[in-house]
>>> print(open('coords-v1.txt').read())   # compact mmCIF, C-alpha atoms
# COMPACT_ATOMS: atom_id res chain seq x y z
CA MET X 1 3.73 79.03 -83.11
CA ALA X 2 4.65 75.70 -81.49
CA SER X 3 3.76 75.22 -77.84
CA LEU X 4 6.40 74.39 -75.28
CA SER X 5 6.40 71.02 -73.53
CA SER X 6 5.91 70.85 -69.76
CA PRO X 7 9.55 69.89 -69.03
CA THR X 8 10.72 72.85 -71.16
CA ILE X 9 8.44 75.23 -69.29
CA LEU X 10 9.65 73.95 -65.90
CA LEU X 11 13.30 74.23 -66.91
CA PHE X 12 12.80 77.77 -68.19
CA SER X 13 10.83 78.68 -65.06
CA PHE X 14 13.58 77.49 -62.72
CA PHE X 15 16.17 79.41 -64.78
CA LEU X 16 14.04 82.56 -64.65
CA ILE X 17 13.47 82.32 -60.90
CA SER X 18 17.18 81.77 -60.27
CA ILE X 19 17.96 84.97 -62.20
CA LEU X 20 15.27 87.00 -60.46
CA VAL X 21 16.26 85.82 -56.99
CA SER X 22 19.95 86.41 -57.71
CA LEU X 23 19.24 89.92 -59.02
CA SER X 24 17.12 90.80 -55.99
CA ASN X 25 19.93 89.72 -53.67
CA ALA X 26 22.68 91.24 -55.83
CA THR X 27 21.36 94.67 -54.90
CA THR X 28 22.31 94.08 -51.28
CA ALA X 29 25.43 92.10 -52.15
CA LYS X 30 27.27 95.35 -52.97
CA THR X 31 27.40 96.13 -49.27
CA VAL X 32 26.82 92.72 -47.67
CA PRO X 33 28.69 89.75 -49.22
CA PHE X 34 26.87 86.48 -49.76
CA PRO X 35 27.28 84.06 -46.84
CA LYS X 36 29.13 80.83 -47.54
CA ALA X 37 26.72 78.80 -45.47
CA LEU X 38 23.58 79.02 -43.33
CA VAL X 39 22.43 77.20 -40.19
CA LEU X 40 19.23 76.31 -38.37
CA ARG X 41 19.20 75.14 -34.76
CA VAL X 42 17.26 71.88 -34.20
CA THR X 43 15.87 70.50 -30.95
CA LYS X 44 13.91 67.35 -30.15
CA ASP X 45 10.45 67.45 -28.59
CA THR X 46 10.51 64.90 -25.78
CA LYS X 47 6.79 64.12 -25.98
CA THR X 48 6.30 63.61 -29.73
CA LEU X 49 9.96 62.85 -30.59
CA GLN X 50 9.63 65.32 -33.46
CA TYR X 51 12.57 67.52 -34.47
CA ILE X 52 11.85 71.23 -34.17
CA THR X 53 13.53 74.26 -35.68
CA GLN X 54 12.79 77.96 -35.46
CA ILE X 55 12.28 80.14 -38.52
CA THR X 56 11.91 83.90 -38.85
CA GLN X 57 9.52 85.45 -41.40
CA ARG X 58 7.33 88.53 -41.98
CA THR X 59 7.50 92.29 -41.61
CA PRO X 60 7.85 93.03 -38.78
CA ALA X 61 9.91 89.88 -38.18
CA VAL X 62 8.30 87.06 -36.20
CA GLN X 63 9.98 83.87 -34.96
CA ALA X 64 8.01 80.63 -35.20
CA LYS X 65 8.68 76.98 -34.41
CA VAL X 66 8.12 74.39 -37.14
CA VAL X 67 8.62 70.63 -37.40
CA LEU X 68 11.52 69.45 -39.57
CA ASP X 69 10.70 67.01 -42.40
CA VAL X 70 13.83 66.07 -44.35
CA GLY X 71 11.79 64.77 -47.29
CA GLY X 72 8.96 67.31 -47.15
CA GLU X 73 7.85 69.35 -50.17
CA PHE X 74 7.14 72.77 -48.66
CA LEU X 75 7.62 75.24 -45.89
CA TRP X 76 4.06 75.63 -44.67
CA VAL X 77 2.63 77.58 -41.73
CA ASP X 78 -0.76 78.18 -40.17
CA CYS X 79 -1.99 81.51 -41.53
CA GLU X 80 -5.43 81.43 -39.89
CA LYS X 81 -4.24 82.53 -36.46
CA GLY X 82 -2.44 85.84 -36.43
CA TYR X 83 -0.26 85.77 -39.54
CA LYS X 84 0.24 89.47 -40.33
CA SER X 85 2.96 90.83 -42.59
CA SER X 86 3.28 93.86 -44.85
CA THR X 87 5.61 91.90 -47.17
CA LYS X 88 3.41 88.83 -47.71
CA LYS X 89 2.43 88.42 -51.37
CA SER X 90 0.31 85.82 -53.15
CA VAL X 91 1.82 83.73 -55.94
CA PRO X 92 -0.35 84.06 -59.08
CA CYS X 93 -1.64 80.94 -60.73
CA GLY X 94 0.45 80.08 -63.79
CA SER X 95 3.45 82.13 -62.64
CA PRO X 96 6.97 80.62 -62.80
CA GLN X 97 6.95 79.93 -59.05
CA CYS X 98 3.57 78.25 -59.34
CA LEU X 99 4.83 76.03 -62.17
CA LEU X 100 7.83 75.00 -60.07
CA SER X 101 5.52 73.96 -57.24
CA LEU X 102 3.79 71.48 -59.60
CA SER X 103 0.49 73.00 -58.57
CA GLY X 104 -2.56 71.32 -59.93
CA ALA X 105 -5.14 73.94 -59.01
CA CYS X 106 -5.92 77.61 -58.43
CA SER X 107 -7.99 79.38 -55.82
CA SER X 108 -9.88 82.65 -55.84
CA ASN X 109 -8.22 85.69 -54.29
CA GLY X 110 -11.52 87.10 -53.04
CA LYS X 111 -10.21 90.66 -53.44
CA SER X 112 -9.51 90.69 -57.17
CA THR X 113 -9.92 88.64 -60.33
CA GLU X 114 -6.42 87.19 -59.93
CA SER X 115 -6.24 83.52 -59.00
CA ILE X 116 -3.74 82.24 -56.42
CA CYS X 117 -1.51 79.21 -56.90
CA SER X 118 -2.94 76.36 -54.83
CA VAL X 119 -0.91 73.38 -53.58
CA THR X 120 -1.40 70.55 -51.09
CA PRO X 121 0.74 70.79 -47.95
CA THR X 122 1.05 67.54 -46.03
CA ASN X 123 1.22 66.72 -42.35
CA PRO X 124 2.51 63.11 -42.25
CA PHE X 125 1.25 62.77 -38.68
CA SER X 126 -2.38 63.39 -39.62
CA VAL X 127 -3.80 64.73 -42.90
CA SER X 128 -3.28 66.69 -46.10
CA THR X 129 -5.31 69.63 -47.29
CA SER X 130 -5.20 72.48 -49.76
CA GLY X 131 -3.25 75.67 -49.16
CA ASP X 132 -2.25 78.76 -51.13
CA LEU X 133 1.27 79.66 -52.16
CA PHE X 134 2.64 83.01 -50.96
CA THR X 135 6.01 84.69 -50.61
CA ASP X 136 7.40 86.65 -47.67
CA ILE X 137 10.73 87.80 -46.35
CA PHE X 138 12.68 85.00 -44.66
CA TYR X 139 15.61 85.39 -42.27
CA ILE X 140 18.27 82.79 -41.48
CA GLN X 141 21.56 82.77 -39.59
CA SER X 142 24.80 82.70 -41.58
CA THR X 143 27.94 80.82 -40.53
CA ASN X 144 31.57 80.30 -41.52
CA GLY X 145 31.28 76.66 -40.49
CA PHE X 146 32.89 77.24 -37.09
CA ASN X 147 30.72 79.92 -35.49
CA PRO X 148 27.36 81.57 -36.18
CA GLY X 149 27.29 84.85 -38.08
CA LYS X 150 24.77 87.57 -38.72
CA SER X 151 21.22 86.98 -39.88
CA VAL X 152 20.64 87.32 -43.63
CA SER X 153 17.39 87.56 -45.55
CA VAL X 154 15.64 86.28 -48.66
CA PRO X 155 13.10 88.93 -49.77
CA ASN X 156 10.46 86.71 -51.41
CA LEU X 157 10.74 83.14 -50.22
CA PRO X 158 7.80 80.90 -51.27
CA PHE X 159 5.80 79.21 -48.51
CA VAL X 160 2.33 77.73 -48.13
CA CYS X 161 -0.45 79.25 -46.05
CA ALA X 162 -2.27 76.31 -44.48
CA PRO X 163 -5.40 76.09 -42.32
CA ASN X 164 -5.11 75.69 -38.57
CA SER X 165 -6.56 72.16 -38.83
CA LEU X 166 -3.33 70.94 -40.46
CA LEU X 167 -1.47 71.35 -37.16
CA LYS X 168 -3.11 68.24 -35.71
CA GLY X 169 -0.48 65.82 -34.40
CA LEU X 170 2.40 68.32 -34.41
CA ALA X 171 4.38 69.19 -31.31
CA SER X 172 2.85 71.79 -29.02
CA GLY X 173 3.85 75.33 -29.88
CA THR X 174 4.69 74.63 -33.53
CA VAL X 175 2.87 76.44 -36.34
CA GLY X 176 3.80 74.31 -39.37
CA MET X 177 6.52 72.26 -41.02
CA VAL X 178 9.65 72.94 -43.04
CA GLY X 179 10.43 70.53 -45.87
CA LEU X 180 13.95 69.84 -47.09
CA GLY X 181 12.92 67.65 -50.02
CA ARG X 182 14.37 67.26 -53.51
CA ASN X 183 11.83 69.52 -55.23
CA LYS X 184 12.46 73.08 -56.44
CA VAL X 185 10.33 74.87 -53.83
CA ALA X 186 11.75 73.14 -50.77
CA LEU X 187 14.18 75.11 -48.64
CA PRO X 188 17.51 73.67 -49.92
CA SER X 189 16.84 74.64 -53.55
CA LEU X 190 15.38 78.03 -52.62
CA LEU X 191 18.37 78.99 -50.46
CA SER X 192 20.81 77.70 -53.06
CA SER X 193 19.23 79.96 -55.68
CA ALA X 194 19.07 82.96 -53.36
CA PHE X 195 22.69 82.83 -52.21
CA ASN X 196 24.35 81.17 -55.18
CA PHE X 197 25.84 78.23 -53.36
CA PRO X 198 25.71 74.48 -54.14
CA ARG X 199 22.45 72.57 -53.80
CA LYS X 200 23.51 70.66 -50.71
CA PHE X 201 22.67 70.60 -47.04
CA GLY X 202 23.65 68.63 -43.97
CA ILE X 203 21.77 67.50 -40.90
CA CYS X 204 23.24 66.55 -37.54
CA LEU X 205 20.55 65.68 -35.00
CA SER X 206 20.83 65.41 -31.24
CA GLY X 207 18.52 63.55 -28.92
CA HIS X 208 19.17 65.72 -25.88
CA SER X 209 20.44 69.14 -27.00
CA ASN X 210 20.85 71.37 -30.04
CA GLY X 211 21.36 69.75 -33.41
CA VAL X 212 22.00 71.63 -36.63
CA VAL X 213 20.86 71.88 -40.26
CA PHE X 214 23.61 73.29 -42.46
CA PHE X 215 23.11 74.75 -45.96
CA GLY X 216 25.80 75.66 -48.46
CA LYS X 217 29.56 75.30 -48.65
CA GLU X 218 31.73 73.31 -46.26
CA PRO X 219 33.28 73.19 -43.74
CA LEU X 220 31.14 72.38 -40.72
CA VAL X 221 33.18 71.99 -37.54
CA LEU X 222 31.91 70.42 -34.32
CA HIS X 223 34.25 70.82 -31.35
CA ASP X 224 37.38 70.96 -33.54
CA VAL X 225 36.23 68.01 -35.65
CA HIS X 226 35.77 68.84 -39.34
CA VAL X 227 32.75 66.61 -40.04
CA THR X 228 32.46 67.66 -43.71
CA ASP X 229 36.04 66.67 -44.52
CA PRO X 230 35.63 64.55 -47.70
CA THR X 231 38.03 61.97 -46.29
CA SER X 232 35.76 61.42 -43.29
CA LEU X 233 32.51 60.95 -45.23
CA ILE X 234 31.29 57.83 -46.99
CA TYR X 235 29.23 58.44 -50.14
CA THR X 236 26.39 56.52 -51.73
CA PRO X 237 24.03 57.53 -54.55
CA LEU X 238 20.66 59.10 -53.79
CA ILE X 239 17.97 57.17 -55.64
CA ARG X 240 14.90 58.85 -57.06
CA ASN X 241 11.69 57.01 -56.26
CA PRO X 242 9.75 57.49 -59.52
CA ARG X 243 6.47 57.88 -57.67
CA SER X 244 5.59 60.01 -54.69
CA LEU X 245 4.26 58.14 -51.68
CA VAL X 246 2.19 61.16 -50.69
CA THR X 247 -1.37 60.57 -51.90
CA THR X 248 -1.88 64.14 -53.04
CA SER X 249 1.33 64.12 -55.13
CA GLN X 250 1.02 60.71 -56.76
CA GLY X 251 2.10 60.79 -60.37
CA ASN X 252 5.09 63.01 -59.53
CA PRO X 253 8.52 61.71 -58.46
CA SER X 254 9.04 61.49 -54.72
CA THR X 255 10.75 64.40 -52.96
CA GLU X 256 12.06 62.05 -50.26
CA TYR X 257 15.62 60.71 -49.99
CA PHE X 258 16.11 57.05 -50.91
CA ILE X 259 19.36 55.08 -50.92
CA GLY X 260 20.22 51.65 -52.26
CA LEU X 261 20.38 48.92 -49.60
CA LYS X 262 21.28 45.35 -50.51
CA SER X 263 21.62 43.60 -47.13
CA ILE X 264 21.46 44.03 -43.35
CA ASN X 265 24.32 42.37 -41.47
CA ILE X 266 24.64 41.52 -37.80
CA GLU X 267 28.12 40.45 -36.63
CA ASP X 268 29.18 40.48 -40.29
CA LYS X 269 26.51 37.91 -41.20
CA PRO X 270 23.70 38.85 -43.63
CA VAL X 271 20.23 38.52 -42.16
CA LYS X 272 18.10 36.24 -44.32
CA PHE X 273 14.97 37.84 -45.78
CA ASN X 274 13.46 38.58 -49.19
CA THR X 275 15.90 41.23 -50.47
CA THR X 276 13.68 42.05 -53.46
CA LEU X 277 11.71 44.15 -50.94
CA LEU X 278 14.66 46.55 -50.95
CA THR X 279 13.92 47.65 -54.52
CA PHE X 280 10.92 49.53 -55.89
CA LYS X 281 8.55 46.70 -56.67
CA ASN X 282 5.93 48.36 -58.85
CA GLU X 283 4.69 51.55 -60.43
CA ASN X 284 3.39 52.69 -57.02
CA GLY X 285 6.92 53.24 -55.70
CA HIS X 286 6.59 50.62 -52.96
CA GLY X 287 9.75 49.16 -51.46
CA GLY X 288 13.22 50.63 -51.12
CA THR X 289 15.01 52.41 -48.27
CA LYS X 290 14.57 56.05 -47.26
CA ILE X 291 15.82 58.45 -44.60
CA SER X 292 13.23 60.12 -42.38
CA THR X 293 13.12 62.69 -39.59
CA ILE X 294 9.40 61.99 -39.21
CA ASP X 295 9.74 58.37 -38.04
CA PRO X 296 11.33 58.47 -34.57
CA TYR X 297 12.86 54.99 -34.98
CA THR X 298 13.90 52.83 -37.90
CA THR X 299 10.85 51.04 -39.27
CA LEU X 300 11.09 47.73 -41.12
CA GLU X 301 8.59 45.81 -43.22
CA THR X 302 7.18 42.97 -41.11
CA SER X 303 9.14 40.05 -42.58
CA ILE X 304 12.40 42.05 -42.45
CA TYR X 305 11.64 43.18 -38.91
CA LYS X 306 11.04 39.65 -37.64
CA ALA X 307 14.23 38.35 -39.27
CA VAL X 308 16.41 41.21 -37.99
CA VAL X 309 15.06 41.08 -34.41
CA ALA X 310 15.46 37.29 -34.25
CA ALA X 311 19.05 37.51 -35.52
CA TYR X 312 19.84 40.31 -33.09
CA ILE X 313 18.48 38.44 -30.08
CA LYS X 314 20.67 35.50 -31.07
CA ALA X 315 23.73 37.74 -31.43
CA VAL X 316 23.28 39.52 -28.07
CA LYS X 317 23.25 36.22 -26.14
CA ILE X 318 21.46 37.77 -23.16
CA PRO X 319 17.94 36.82 -22.00
CA THR X 320 15.26 39.29 -23.03
CA VAL X 321 12.69 40.79 -20.69
CA LYS X 322 9.07 41.72 -21.34
CA ALA X 323 8.87 43.86 -24.47
CA VAL X 324 7.86 47.52 -24.18
CA ALA X 325 5.80 48.84 -27.11
CA PRO X 326 6.57 49.65 -29.85
CA PHE X 327 9.73 47.55 -29.53
CA GLY X 328 10.10 43.79 -29.78
CA ALA X 329 13.41 43.01 -28.07
CA CYS X 330 14.15 44.42 -24.61
CA TYR X 331 16.82 43.73 -22.00
CA ASN X 332 17.63 44.41 -18.38
CA ALA X 333 20.04 47.35 -18.62
CA LYS X 334 22.18 45.87 -15.83
CA SER X 335 22.95 42.86 -18.03
CA ILE X 336 24.23 45.07 -20.89
CA GLY X 337 27.85 46.13 -20.88
CA PHE X 338 28.71 49.81 -21.38
CA THR X 339 31.66 51.70 -22.82
CA TRP X 340 32.33 55.44 -22.58
CA ILE X 341 30.14 56.04 -25.65
CA GLY X 342 27.18 53.89 -24.63
CA PRO X 343 25.75 50.34 -24.69
CA ASN X 344 28.27 47.73 -25.83
CA VAL X 345 26.08 45.60 -28.08
CA PRO X 346 26.49 44.09 -31.56
CA ARG X 347 26.36 46.68 -34.32
CA ILE X 348 24.00 46.51 -37.28
CA ASP X 349 25.57 47.11 -40.69
CA LEU X 350 23.54 48.47 -43.58
CA VAL X 351 25.36 47.21 -46.69
CA LEU X 352 24.61 49.59 -49.54
CA THR X 353 24.37 48.82 -53.23
CA ASN X 354 27.73 50.49 -53.95
CA ASP X 355 29.27 48.19 -51.28
CA LYS X 356 29.71 50.98 -48.74
CA VAL X 357 28.66 50.17 -45.17
CA TRP X 358 26.66 52.31 -42.76
CA SER X 359 27.36 50.88 -39.30
CA ILE X 360 24.86 51.56 -36.52
CA ILE X 361 26.36 51.15 -33.05
CA GLY X 362 25.00 50.76 -29.52
CA PRO X 363 24.02 54.38 -28.71
CA ASN X 364 21.89 54.43 -31.90
CA LEU X 365 20.41 50.99 -31.28
CA MET X 366 19.42 50.77 -27.62
CA VAL X 367 16.55 52.95 -26.37
CA ASN X 368 16.25 53.61 -22.65
CA VAL X 369 12.56 53.08 -21.88
CA GLY X 370 12.98 53.47 -18.10
CA ASN X 371 12.95 51.05 -15.16
CA ASP X 372 16.41 49.76 -16.10
CA VAL X 373 15.16 48.46 -19.44
CA LEU X 374 16.87 48.96 -22.82
CA CYS X 375 15.09 48.04 -26.06
CA LEU X 376 16.35 47.52 -29.59
CA GLY X 377 15.09 50.67 -31.35
CA LEU X 378 13.48 49.03 -34.37
CA VAL X 379 9.75 49.10 -35.14
CA ASP X 380 7.50 46.77 -37.13
CA GLY X 381 6.02 48.85 -39.97
CA GLY X 382 3.59 46.20 -41.20
CA PRO X 383 3.46 44.43 -44.58
CA LEU X 384 4.72 46.28 -47.63
CA HIS X 385 1.45 46.50 -49.52
CA PHE X 386 -2.07 47.47 -48.59
CA VAL X 387 -3.79 44.28 -47.46
CA ASP X 388 -7.13 45.15 -45.93
CA TRP X 389 -8.90 48.07 -44.31
CA GLY X 390 -7.71 48.51 -40.74
CA VAL X 391 -4.45 46.63 -41.31
CA LYS X 392 -1.25 48.60 -40.75
CA PHE X 393 1.02 48.62 -43.79
CA THR X 394 4.10 50.43 -45.03
CA PRO X 395 4.89 51.63 -48.57
CA THR X 396 8.64 51.57 -47.82
CA ALA X 397 10.60 48.45 -46.81
CA VAL X 398 13.19 50.22 -44.64
CA VAL X 399 12.80 53.70 -43.13
CA ILE X 400 15.94 54.88 -41.33
CA GLY X 401 14.45 56.93 -38.50
CA GLY X 402 15.58 59.80 -36.32
CA PHE X 403 17.07 57.85 -33.41
CA GLN X 404 19.39 55.95 -35.72
CA ILE X 405 20.73 59.11 -37.39
CA GLU X 406 21.33 61.12 -34.21
CA ASN X 407 25.00 62.08 -33.84
CA ASN X 408 25.60 61.05 -37.44
CA PHE X 409 26.37 63.83 -39.91
CA LEU X 410 24.44 63.38 -43.19
CA LEU X 411 25.33 65.50 -46.23
CA PHE X 412 22.62 65.58 -48.91
CA ASP X 413 24.30 66.65 -52.15
CA LEU X 414 21.40 67.30 -54.51
CA GLY X 415 23.62 68.53 -57.33
CA ALA X 416 25.63 65.31 -57.41
CA SER X 417 22.65 63.18 -56.30
CA ARG X 418 24.57 61.52 -53.50
CA LEU X 419 24.47 61.14 -49.73
CA GLY X 420 27.56 61.53 -47.59
CA PHE X 421 27.47 60.05 -44.10
CA SER X 422 29.94 60.09 -41.24
CA LYS X 423 28.75 57.09 -39.20
CA SER X 424 28.52 57.89 -35.48
CA LEU X 425 30.52 60.92 -34.37
CA LEU X 426 30.76 59.66 -30.78
CA PRO X 427 33.94 57.56 -31.28
CA ARG X 428 35.55 60.75 -32.66
CA GLN X 429 34.82 62.46 -29.33
CA THR X 430 32.29 64.89 -30.70
CA GLU X 431 28.54 65.02 -31.23
CA CYS X 432 25.91 67.01 -33.07
CA SER X 433 25.23 69.27 -30.09
CA ASN X 434 28.75 70.70 -30.30
CA PHE X 435 28.09 73.36 -32.93
CA ASN X 436 28.68 76.76 -31.37
CA PHE X 437 25.43 78.75 -31.65
CA THR X 438 26.40 81.41 -29.13
CA SER X 439 29.50 83.37 -30.21
CA VAL X 440 29.30 85.81 -33.11
>>> encode(input="coords-v1.txt", output="structure tokens")
Amino acid sequence: MASLSSPTILLFSFFLISILVSLSNATTAKTVPFPKALVLRVTKDTKTLQYITQITQRTPAVQAKVVLDVGGEFLWVDCEKGYKSSTKKSVPCGSPQCLLSLSGACSSNGKSTESICSVTPTNPFSVSTSGDLFTDIFYIQSTNGFNPGKSVSVPNLPFVCAPNSLLKGLASGTVGMVGLGRNKVALPSLLSSAFNFPRKFGICLSGHSNGVVFFGKEPLVLHDVHVTDPTSLIYTPLIRNPRSLVTTSQGNPSTEYFIGLKSINIEDKPVKFNTTLLTFKNENGHGGTKISTIDPYTTLETSIYKAVVAAYIKAVKIPTVKAVAPFGACYNAKSIGFTWIGPNVPRIDLVLTNDKVWSIIGPNLMVNVGNDVLCLGLVDGGPLHFVDWGVKFTPTAVVIGGFQIENNFLLFDLGASRLGFSKSLLPRQTECSNFNFTSV
């Protein structure tokens, strides 16, 4: 009998899991209809600038705070300190769920001869380590797009049990991370399979209040503004980086979200730099442009950073003041004009490869660092390639960070492999904190 190829096994495994998850939920669907969409509340930790959401797992149910990673592979939590649940189950090595996780190893159960699926959860702020794959009941709030609804559950949602040491560098009070990446065991695909809605999700982050992560079918309405209206979103293709930038996953495609960028314009003039950096330069997946909730500010490869900052200083036409790390161009706030939405400074346009334009305006450019000083919120990421031990470098040419995407609605459509973006919601007299989390 002929053996099946790895792609065939993975395809069959995903099909099988979709059927099993749908059947397990169909039992309850006779009395409780599937929700059209789901929401998670997101806040920003003022010390680490990490974005935090709260999940509910286990039997009996326990709420826990985790750090949001839009390109992360897994939901992982610290299981060494007090994780107790009567519904927690190990995922056997070689099972369909284990195959979908692209596991490369197994670990001993210790209680039986059965081996557990072992994966490598990552903390981008510190280290990676090994962890075991389990399932447990998972609860999440439903919504009709306007208001929150009742909590619904997924009986056997895969997650990774990680050691306590993996929490290093995470915001105080958090117990892990939740990944929203492109892989089959990240939350968007798991929820799509469980509730039979499209493989898409949206994020709308706030720097001072509640933001929202939105899974499933539109609409999403913020203070009477329908932010998912197709006529109000601009679309660009999502690009698959053929190689993961996570050391432990190298050899597999990246789970992060890349888009095609062809130029950076200031006052409608392209900034001059080596634009070949904006494409993947080699088999290591270096180069390109990605979206990140891990990087607090947009990070640019050194030569791009220097060119953009120099062009911006020239465009602002106001004397700079002493720079405040990690920024390179700072101004006396009293010399900057303000409108009702924020600092009135030149915008930066990201011109995408399909000729669409993502405009970044003053409130997403100027960071208030205190003492009446505003700084351009761009950071030097270092050279693109590894140069020497001890030298900072970046594998990605442009990383669009959290500050620049706050109060922008981003719709990640995995099924169509495209990103929809709203540009800033502030000129439309709404913001990401306007989703109503209180009325049911």
>>> atom_distance(input="coords-v1.txt", atom1="atom CA of Gly211 of chain X", atom2="atom CA of Arg41 of chain X")
6.0 Å
>>> atom_distance(input="coords-v1.txt", atom1="atom CA of Phe134 of chain X", atom2="atom CA of Phe159 of chain X")
5.5 Å
>>> closest_atom_pairs(input="coords-v1.txt", of="segment 226-329 of chain X", to="segment 212-219 of chain X", cutoff="9 Å", atoms="all atoms listed in the file", output="Markdown table")
| residue | atom | partner | partner_atom | distance |
| --- | --- | --- | --- | --- |
| X:His226 | CA | X:Pro219 | CA | 6.7 |
| X:Val227 | CA | X:Pro219 | CA | 7.6 |
| X:Thr228 | CA | X:Pro219 | CA | 5.6 |
| X:Asp229 | CA | X:Pro219 | CA | 7.1 |
>>> closest_residue(input="coords-v1.txt", among="X:Leu220, X:Val178, X:Val66, X:Val373", to="Asp45 of chain X", atoms="only C-alpha atoms")
X:Val66
>>> residues_near_point(input="coords-v1.txt", point="(23.4, 45.6, -15.7)", cutoff="12 Å", atoms="only C-alpha atoms", output="number ranges by chain")
X: 318, 331-338, 343-344, 371-374
>>> atom_distance(input="coords-v1.txt", atom1="atom CA of Val369 of chain X", atom2="atom CA of Val308 of chain X")
20.4 Å
>>> closest_atom_pairs(input="coords-v1.txt", of="segment 59-166 of chain X", to="segment 203-207 of chain X", cutoff="12 Å", atoms="all atoms listed in the file", output="Markdown table")
| residue | atom | partner | partner_atom | distance |
| --- | --- | --- | --- | --- |
| X:Leu68 | CA | X:Ile203 | CA | 10.5 |
| X:Asp69 | CA | X:Ile203 | CA | 11.2 |
| X:Val70 | CA | X:Ile203 | CA | 8.8 |
>>> write_last_selection(input="coords-v1.txt", atoms="C-alpha atoms", output="PDB file, keeping the file's coordinate frame")
ATOM      1  CA  LEU X  68      11.520  69.450 -39.570  1.00  0.00           C
ATOM      2  CA  ASP X  69      10.700  67.010 -42.400  1.00  0.00           C
ATOM      3  CA  VAL X  70      13.830  66.070 -44.350  1.00  0.00           C
TER       4      VAL X  70
END
>>> closest_atom_pairs(input="coords-v1.txt", of="segment 180-255 of chain X", to="segment 74-87 of chain X", cutoff="8 Å", atoms="all atoms listed in the file", output="tab-separated table")
residue	atom	partner	partner_atom	distance
X:Leu180	CA	X:Phe74	CA	7.6
X:Gly181	CA	X:Phe74	CA	7.8
X:Val185	CA	X:Phe74	CA	6.4
X:Ala186	CA	X:Phe74	CA	5.1
X:Leu187	CA	X:Leu75	CA	7.1
>>> write_last_selection(input="coords-v1.txt", atoms="C-alpha atoms", output="mmCIF file, in the frame of the given file")
data_model
loop_
_atom_site.group_PDB
_atom_site.id
_atom_site.type_symbol
_atom_site.label_atom_id
_atom_site.label_comp_id
_atom_site.auth_asym_id
_atom_site.auth_seq_id
_atom_site.Cartn_x
_atom_site.Cartn_y
_atom_site.Cartn_z
ATOM 1 C CA LEU X 180 13.950 69.840 -47.090
ATOM 2 C CA GLY X 181 12.920 67.650 -50.020
ATOM 3 C CA VAL X 185 10.330 74.870 -53.830
ATOM 4 C CA ALA X 186 11.750 73.140 -50.770
ATOM 5 C CA LEU X 187 14.180 75.110 -48.640
#
>>> closest_residue(input="coords-v1.txt", among="X:Val357, X:Ile313, X:Leu376, X:Ala325", to="Thr236 of chain X", atoms="all atoms listed in the file")
X:Val357
>>> residues_around(input="coords-v1.txt", residues="Leu49 of chain X", least_positions_apart="5", cutoff="9 Å", atoms="all atoms listed in the file", output="PyMOL selection string")
chain X and resi 44+171+207+294-296+402
>>> residues_around(input="coords-v1.txt", residues="segment 89-101 of chain X", least_positions_apart="3", cutoff="6 Å", atoms="all atoms listed in the file", output="list in words")
Ser13, Cys106, Ser115, Ile116, Cys117, Leu133, Phe134, Thr135 and Val185 of chain X
>>> residues_near_point(input="coords-v1.txt", point="(23.1, 85.7, -42.6)", cutoff="7 Å", atoms="all atoms listed in the file", output="ChimeraX atom specification")
/X:35,38,140-142,149-153
>>> axis_aligned_box(input="coords-v1.txt", around="segment 200-205 of chain X", padding_each_side="3 Å", output="AutoDock Vina command-line options")
--center_x 22.1 --center_y 68.2 --center_z -42.9 --size_x 9.1 --size_y 11.0 --size_z 21.7
>>> residues_around(input="coords-v1.txt", residues="Asn265 of chain X", least_positions_apart="2", cutoff="8 Å", atoms="only C-alpha atoms", output="ChimeraX atom specification")
/X:263,267-271,348-351
>>> residues_around(input="coords-v1.txt", residues="Leu238 of chain X", least_positions_apart="3", cutoff="6 Å", atoms="all atoms listed in the file", output="list of chain:residue names")
X:Phe258, X:Ile259, X:Ser417, X:Arg418, X:Leu419
>>> closest_residue(input="coords-v1.txt", among="X:Pro363, X:Pro383, X:Gly420, X:Pro60", to="Asn407 of chain X", atoms="all atoms listed in the file")
X:Pro363
>>> build_atoms(input="coords-v1.txt", residues="segment 270-274 of chain X", atoms="N, CA, C and O atoms", output="PDB file, in the coordinates of the input")
ATOM      1  N   PRO X 270      24.945  38.314 -43.051  1.00  0.00           N
ATOM      2  CA  PRO X 270      23.700  38.850 -43.630  1.00  0.00           C
ATOM      3  C   PRO X 270      22.469  38.211 -42.995  1.00  0.00           C
ATOM      4  O   PRO X 270      22.423  36.987 -42.806  1.00  0.00           O
ATOM      5  N   VAL X 271      21.502  39.032 -42.654  1.00  0.00           N
ATOM      6  CA  VAL X 271      20.230  38.520 -42.160  1.00  0.00           C
ATOM      7  C   VAL X 271      19.428  38.012 -43.350  1.00  0.00           C
ATOM      8  O   VAL X 271      19.345  38.670 -44.396  1.00  0.00           O
ATOM      9  N   LYS X 272      18.836  36.850 -43.211  1.00  0.00           N
ATOM     10  CA  LYS X 272      18.100  36.240 -44.320  1.00  0.00           C
ATOM     11  C   LYS X 272      16.667  36.763 -44.380  1.00  0.00           C
ATOM     12  O   LYS X 272      15.894  36.619 -43.434  1.00  0.00           O
ATOM     13  N   PHE X 273      16.342  37.411 -45.501  1.00  0.00           N
ATOM     14  CA  PHE X 273      14.970  37.840 -45.780  1.00  0.00           C
ATOM     15  C   PHE X 273      14.873  38.074 -47.285  1.00  0.00           C
ATOM     16  O   PHE X 273      15.869  37.991 -48.016  1.00  0.00           O
ATOM     17  N   ASN X 274      13.689  38.361 -47.765  1.00  0.00           N
ATOM     18  CA  ASN X 274      13.460  38.580 -49.190  1.00  0.00           C
ATOM     19  C   ASN X 274      14.029  39.939 -49.594  1.00  0.00           C
ATOM     20  O   ASN X 274      13.383  40.969 -49.400  1.00  0.00           O
TER      21      ASN X 274
END
